[in-house]
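For reference, the structure is listed below as structure tokens.
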Amino acid sequence: MNKKFAWTVIALLMVMVLVLSACQPAATPAAPAEPAESEAPAEPEAPAEEFVFGMLLVGPYNDKGWSQAHYEAGEYVEEKVPGTKMIYLDRVNTADRPGTTAAQLAEELVQQGAKLVIFNSDDMKDDAVEFTKNNPEIFIIHASGDTIWAEGENYQALPNMANLMGEMEYGKMMAGCDSALHTQSGSIGYLGPLINEETRRLAASAFLGARYCWENYLDKDPADLRFRVTWIGFWFNIPGFTEDPTQVANEFINSGVDVIISGIDTTEGLVEARKATSEGKKVFAIPYDFVGACEEAPDVCIGVPYFNWGPSYVRYISNAIQGKWESTFEWMPPYWQDINNVDMTPVGYVSGPAMSEDAKPLLDKFIAELAGGLNLWSGPLNYQDGSKFLAEGEVATDVEIWYLSQLLEGMEGRSE
Amino acid sequence: MNQMQNRSLSFLFQIGGLILAVLFVTIILVLVDAKPLDAFRLIWEGATGNSTRVASVFVVWVPLLLVTCGLLATFTAGLWNIGIEGQITVGAIFTTGVMRLFLGSSVSPVIVIILSMLAGMLGGAIWAALAGLLKTFGGVNEIFGGLGLNFIATALNIGLIFGAWSRPGIASMSGTEPFPEQFWLPTFQGFRISLWSIGFAIIGLVIIYFLLQGTHFGLRLKAVGKGIKSAFRMGIPTWQHMMLSFVICGLFAGLAGAIQVTGVYHRLIPSISSGYGFMGLMIAMLINFQAIWLAPIALFFAALNIGGIQLPIVMKLDSALTGVLQGSLVLFVLLMQGVKQRFAEKK
């Protein structure tokens, strides 16, 4: 009886094989599905020198946030560097793609012909390093990483990896200033992602910007400014695994916050601000990451600090093609002549439609001051627990800012 | 109707289910303007195209197979062990916990790995036993008890990752600090799969096959599953058998969780179970709870999982499509079984 069972299994499997392999001859030569085997040439219809670059996006490619900013930068590269082609995989995280690792998925991009792979999240650091070591012939850009920063705390020499990050600290300072100029209640909420060095320094930057404009432009007492940070646990909502950002935004609103600064990759803060506003409250929001993020709710959006990865990706990908690749760590400040120049700036800030008439010139003044060398990372500055961070007249080093170990005094919320 | 006819009829209906499932997915593909043949071919090549991909399929196959082995024990006893996901998770938590104890110690890594995997099995068994206790002494149906325990396991896992076991200065859903390489299950050079974990899977399969088919215990378990009252009248200690089947299932689930930690992710992550528990339930239903079918069907499901990765890269389709294929396969095969029974009754 068992023998018969076994035969049935084999027969069933053979049918499956037949069904699946029957498809093979039917494929048309024009199908773009032909996966490039390791020794096989690239797609037949493509020019011989086509350079394929792959991108692993932690969130959806159309998230109106972090991942979309990367995705559109990839399209920018295709447009600016002839002969390049982007392949990508989005939602690369273990909740959305259970059972896989980023390194494994990067291998699949290489199988499809990618000669350069962009890992777009700090969440992928371990995988990016593992993949870089295992694939010395592939170029790797790890956005927001610090692995090859010689002064950094996690330094490893990896000649085929580059680390890029915009100095979003400036963008966050502008967002902070903008929110201070708009708050009526004096209470600002910062919708934080997970807690690490990067997110701490960005939240702190927003706080520094808010306090500066509150104190210097509005002549108000810093003690009257409330700056609260609530972390959801990841870069975006993963139901069941993170706090729900919608709920966090609502808690903010219900406890008197009237400007929500988003530190997460998606736009829940904006959506909830609009909902509250339509119910008669006056709540503004500042999304994050993506130049077009305000579109989700323009009537409550006062501005958005965004990344513009295109120019730097063009630089690195052209260099890789021309054999001029350099393994460098770059922490790129805004292009101060014009922080919204799409071909030049790594980081920008656009005002949203809800920006008030009074605030506009003040924010412009703040941006001009920053461009002129104003450094808010200067003492006296204390950590959240009251211990000394910077003495009077002292200025923080890049390393101290990058690896900020605590929130700052005056901020509410978990530091780790 | 004689046995032979019955079997071939069964087989025909199962093939019918398969064809219907493929047809169903084909219709979906046509509706989203994709070429179905290209998609199927892509999945096939994505799973078998080269040795790395085949190795990746086995990375999925091992925990999937182990989990389903465990589920066969509970299904045989007539129990719906929905708590399987939580049992995998708690297994992973126990494994991580024990491994953390030995970080920086001079104990041989081999012993650490063995101890932590045993701890994982223990963890899974404890969590399963809880579901069993709720059922036996609390009168809580194992489906509801299991669901509740799943939620608790997830919450516990996240609490540890985000709190007590978080990386220094970091609180992130990306998981705990990866373990040093000597604590990883050794893998083939350049591949992700460990021979050890394949070995565990095969041993597990053999054990469950003989336990259920070849022992008195298996026979009694079957009797409990077929009818608890008559089994009781026959003098079989029913609740003890049910508890035991839960514990057996938990051991397997815990081992799967331990392999996820030691052999795949090398750390604890929020979705450490990777949904293999629920997928195992589907496989168990699809194979009609017969261990003999388990290895190939689990392999088929694992191949779909890995092959599906190609869909978004090449065709901009969602990988979830392979999940639709898996789910519809189960539905249509069950449906066809129902149809067959009707058909047989009329005769």
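As shown in the structure tokens, the chain order sets the letters A, B, ...; within each chain, residues go from 1, and ligands are also counted from 1 in the order they appear.
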Could you pull out all residues of range 228-363 of chain A with a DSSP call of helix (DSSP H, G or I) and give them as a ChimeraX atom specification?
-> /A:245-254,268-278,293-296,298-300,310-321,359-363
Just to be explicit: take each residue in the selection above, keep C-alpha atoms, and write the result as a PDB file, in the first residue's frame.
```pdb
ATOM      1  CA  PRO A 245       2.408  55.264  13.810  1.00  0.00           C
ATOM      2  CA  THR A 246      -1.207  56.267  13.217  1.00  0.00           C
ATOM      3  CA  GLN A 247      -1.927  55.634  16.860  1.00  0.00           C
ATOM      4  CA  VAL A 248       1.224  57.457  17.979  1.00  0.00           C
ATOM      5  CA  ALA A 249       0.292  60.462  15.853  1.00  0.00           C
ATOM      6  CA  ASN A 250      -3.157  60.484  17.417  1.00  0.00           C
ATOM      7  CA  GLU A 251      -1.721  60.330  20.902  1.00  0.00           C
ATOM      8  CA  PHE A 252       0.413  63.324  20.027  1.00  0.00           C
ATOM      9  CA  ILE A 253      -2.580  65.253  18.781  1.00  0.00           C
ATOM     10  CA  ASN A 254      -4.722  64.348  21.770  1.00  0.00           C
ATOM     11  CA  GLU A 268       1.094  58.614   8.748  1.00  0.00           C
ATOM     12  CA  GLY A 269       1.899  61.846  10.626  1.00  0.00           C
ATOM     13  CA  LEU A 270       0.677  63.874   7.701  1.00  0.00           C
ATOM     14  CA  VAL A 271      -2.466  61.830   7.256  1.00  0.00           C
ATOM     15  CA  GLU A 272      -3.452  62.076  10.910  1.00  0.00           C
ATOM     16  CA  ALA A 273      -2.724  65.820  10.984  1.00  0.00           C
ATOM     17  CA  ARG A 274      -5.114  66.288   8.103  1.00  0.00           C
ATOM     18  CA  LYS A 275      -7.754  64.177   9.794  1.00  0.00           C
ATOM     19  CA  ALA A 276      -7.474  66.239  12.978  1.00  0.00           C
ATOM     20  CA  THR A 277      -7.549  69.467  10.999  1.00  0.00           C
ATOM     21  CA  SER A 278     -10.697  68.419   9.192  1.00  0.00           C
ATOM     22  CA  ALA A 293       5.855  63.707   0.378  1.00  0.00           C
ATOM     23  CA  CYS A 294       3.630  66.766   0.935  1.00  0.00           C
ATOM     24  CA  GLU A 295       1.296  65.621  -1.850  1.00  0.00           C
ATOM     25  CA  GLU A 296      -0.319  63.179   0.536  1.00  0.00           C
ATOM     26  CA  PRO A 298      -0.797  69.421   1.124  1.00  0.00           C
ATOM     27  CA  ASP A 299      -3.204  71.473   3.234  1.00  0.00           C
ATOM     28  CA  VAL A 300      -1.441  70.567   6.497  1.00  0.00           C
ATOM     29  CA  GLY A 310      20.513  61.065  -7.696  1.00  0.00           C
ATOM     30  CA  PRO A 311      23.671  63.208  -8.137  1.00  0.00           C
ATOM     31  CA  SER A 312      25.821  61.124  -5.811  1.00  0.00           C
ATOM     32  CA  TYR A 313      24.589  57.843  -7.342  1.00  0.00           C
ATOM     33  CA  VAL A 314      25.412  59.230 -10.787  1.00  0.00           C
ATOM     34  CA  ARG A 315      28.918  60.019  -9.569  1.00  0.00           C
ATOM     35  CA  TYR A 316      29.562  56.612  -8.057  1.00  0.00           C
ATOM     36  CA  ILE A 317      27.989  54.606 -10.859  1.00  0.00           C
ATOM     37  CA  SER A 318      29.857  56.566 -13.575  1.00  0.00           C
ATOM     38  CA  ASN A 319      33.072  56.023 -11.676  1.00  0.00           C
ATOM     39  CA  ALA A 320      32.410  52.312 -11.400  1.00  0.00           C
ATOM     40  CA  ILE A 321      31.777  52.110 -15.143  1.00  0.00           C
ATOM     41  CA  ALA A 359       7.048  81.979   8.860  1.00  0.00           C
ATOM     42  CA  LYS A 360       8.410  81.912   5.340  1.00  0.00           C
ATOM     43  CA  PRO A 361      10.924  84.787   5.637  1.00  0.00           C
ATOM     44  CA  LEU A 362      12.056  83.545   9.053  1.00  0.00           C
ATOM     45  CA  LEU A 363      12.746  80.054   7.763  1.00  0.00           C
TER      46      LEU A 363
END
```
What are the residues of chain A lining chain B at 6 Å or less? Count only C-alpha atoms, and put the answer as a PDB file with C-alpha atoms, in the first residue's frame.
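Result file follows (out_30.pdb):
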```pdb
ATOM      1  CA  CYS A  23       6.219  26.587 -20.294  1.00  0.00           C
ATOM      2  CA  ALA A  33      12.526  37.282 -18.195  1.00  0.00           C
ATOM      3  CA  TYR A  88      15.405  46.518  -7.848  1.00  0.00           C
ATOM      4  CA  LEU A  89      13.659  44.612  -5.132  1.00  0.00           C
ATOM      5  CA  ALA A  95       8.761  40.781   8.001  1.00  0.00           C
ATOM      6  CA  PRO A  98      10.041  36.007   5.557  1.00  0.00           C
ATOM      7  CA  GLY A  99      12.802  33.471   5.350  1.00  0.00           C
ATOM      8  CA  ASP A 123      18.910  47.750   8.829  1.00  0.00           C
ATOM      9  CA  LEU A 194      13.738  52.683  15.698  1.00  0.00           C
ATOM     10  CA  ILE A 195      16.368  53.967  18.113  1.00  0.00           C
ATOM     11  CA  ASN A 196      19.980  54.131  17.008  1.00  0.00           C
ATOM     12  CA  GLY A 233      10.401  50.435  16.475  1.00  0.00           C
ATOM     13  CA  PHE A 234      11.086  50.358  12.764  1.00  0.00           C
ATOM     14  CA  GLU A 416      17.829  53.840  23.937  1.00  0.00           C
TER      15      GLU A 416
END
```
Correct to one decimal, the distance CA of Thr89 in chain B-CA of Val92 in chain A is 21.0 Å
Residue list (strand (DSSP E or B), DSSP) for range 53-242 of chain A, as a PDB file with C-alpha atoms, in the first residue's frame:
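Output (result-v3.pdb):
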```
ATOM      1  CA  PHE A  53      22.833  48.272 -11.111  1.00  0.00           C
ATOM      2  CA  GLY A  54      20.616  46.716  -8.499  1.00  0.00           C
ATOM      3  CA  MET A  55      18.831  48.305  -5.591  1.00  0.00           C
ATOM      4  CA  LEU A  56      17.482  46.734  -2.415  1.00  0.00           C
ATOM      5  CA  THR A  84      22.681  51.977 -17.320  1.00  0.00           C
ATOM      6  CA  LYS A  85      19.723  49.932 -16.242  1.00  0.00           C
ATOM      7  CA  MET A  86      18.205  49.604 -12.791  1.00  0.00           C
ATOM      8  CA  ILE A  87      16.788  46.421 -11.331  1.00  0.00           C
ATOM      9  CA  TYR A  88      15.405  46.518  -7.848  1.00  0.00           C
ATOM     10  CA  LEU A  89      13.659  44.612  -5.132  1.00  0.00           C
ATOM     11  CA  ALA A 114      23.774  43.652 -11.520  1.00  0.00           C
ATOM     12  CA  LYS A 115      27.396  44.766 -11.253  1.00  0.00           C
ATOM     13  CA  LEU A 116      26.717  47.277  -8.507  1.00  0.00           C
ATOM     14  CA  VAL A 117      24.245  46.837  -5.676  1.00  0.00           C
ATOM     15  CA  ILE A 118      22.793  49.579  -3.489  1.00  0.00           C
ATOM     16  CA  PHE A 119      21.662  48.557   0.000  1.00  0.00           C
ATOM     17  CA  PHE A 139      30.502  47.273  -6.238  1.00  0.00           C
ATOM     18  CA  ILE A 140      28.365  48.013  -3.212  1.00  0.00           C
ATOM     19  CA  ILE A 141      26.906  51.292  -2.040  1.00  0.00           C
ATOM     20  CA  HIS A 142      25.506  51.088   1.444  1.00  0.00           C
ATOM     21  CA  ALA A 143      23.431  54.200   1.949  1.00  0.00           C
ATOM     22  CA  MET A 161      32.043  49.242  -0.716  1.00  0.00           C
ATOM     23  CA  ALA A 162      31.138  52.929  -0.517  1.00  0.00           C
ATOM     24  CA  ASN A 163      29.028  54.575   2.207  1.00  0.00           C
ATOM     25  CA  LEU A 164      26.865  57.559   1.348  1.00  0.00           C
ATOM     26  CA  MET A 165      24.661  59.671   3.540  1.00  0.00           C
ATOM     27  CA  GLY A 166      23.238  63.161   3.209  1.00  0.00           C
ATOM     28  CA  SER A 187       4.300  71.351  21.821  1.00  0.00           C
ATOM     29  CA  ILE A 188       6.054  69.476  19.020  1.00  0.00           C
ATOM     30  CA  GLY A 189       5.865  65.719  18.485  1.00  0.00           C
ATOM     31  CA  TYR A 190       8.615  63.754  16.766  1.00  0.00           C
ATOM     32  CA  LEU A 191       7.422  60.470  15.287  1.00  0.00           C
ATOM     33  CA  GLY A 192      10.574  58.400  15.640  1.00  0.00           C
ATOM     34  CA  ILE A 195      16.368  53.967  18.113  1.00  0.00           C
ATOM     35  CA  ARG A 226       7.885  70.930  24.560  1.00  0.00           C
ATOM     36  CA  PHE A 227       9.643  68.467  22.261  1.00  0.00           C
ATOM     37  CA  ARG A 228       8.498  64.866  22.567  1.00  0.00           C
ATOM     38  CA  VAL A 229       9.915  61.831  20.774  1.00  0.00           C
ATOM     39  CA  THR A 230       7.996  58.555  20.449  1.00  0.00           C
ATOM     40  CA  TRP A 231       9.643  55.628  18.692  1.00  0.00           C
TER      41      TRP A 231
END
```
Which residues come within 12 Å of range 396-401 of chain A, counting only C-alpha atoms, excluding same-chain residues fewer than 5 positions away, as JSON, numbers by chain?
-> {"A": [146, 149, 150, 151, 152, 153, 154, 167, 168, 169, 197, 198, 199, 200, 201, 202, 203, 204, 205, 330, 331, 332, 375, 376, 377, 378, 379, 380, 381, 382, 389, 390, 391, 406, 407, 408]}
Identify, on the basis of only C-alpha atoms, every residue whose closest approach to Thr262 in chain B does not exceed 9 Å; exclude the query and any residue fewer than 6 positions from it along the same chain; express the result as a list in words.
->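 The filter keeps Ala92, Thr95, Thr96, Ile113, Ser116, Met117, Phe179, Phe183, Trp184 and Leu185 of chain B.
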Hey, what's within 9 Å of His70 in chain A if we count only C-alpha atoms and toss same-chain stuff fewer than 6 positions away? As a count of residues only, please?
-> 9
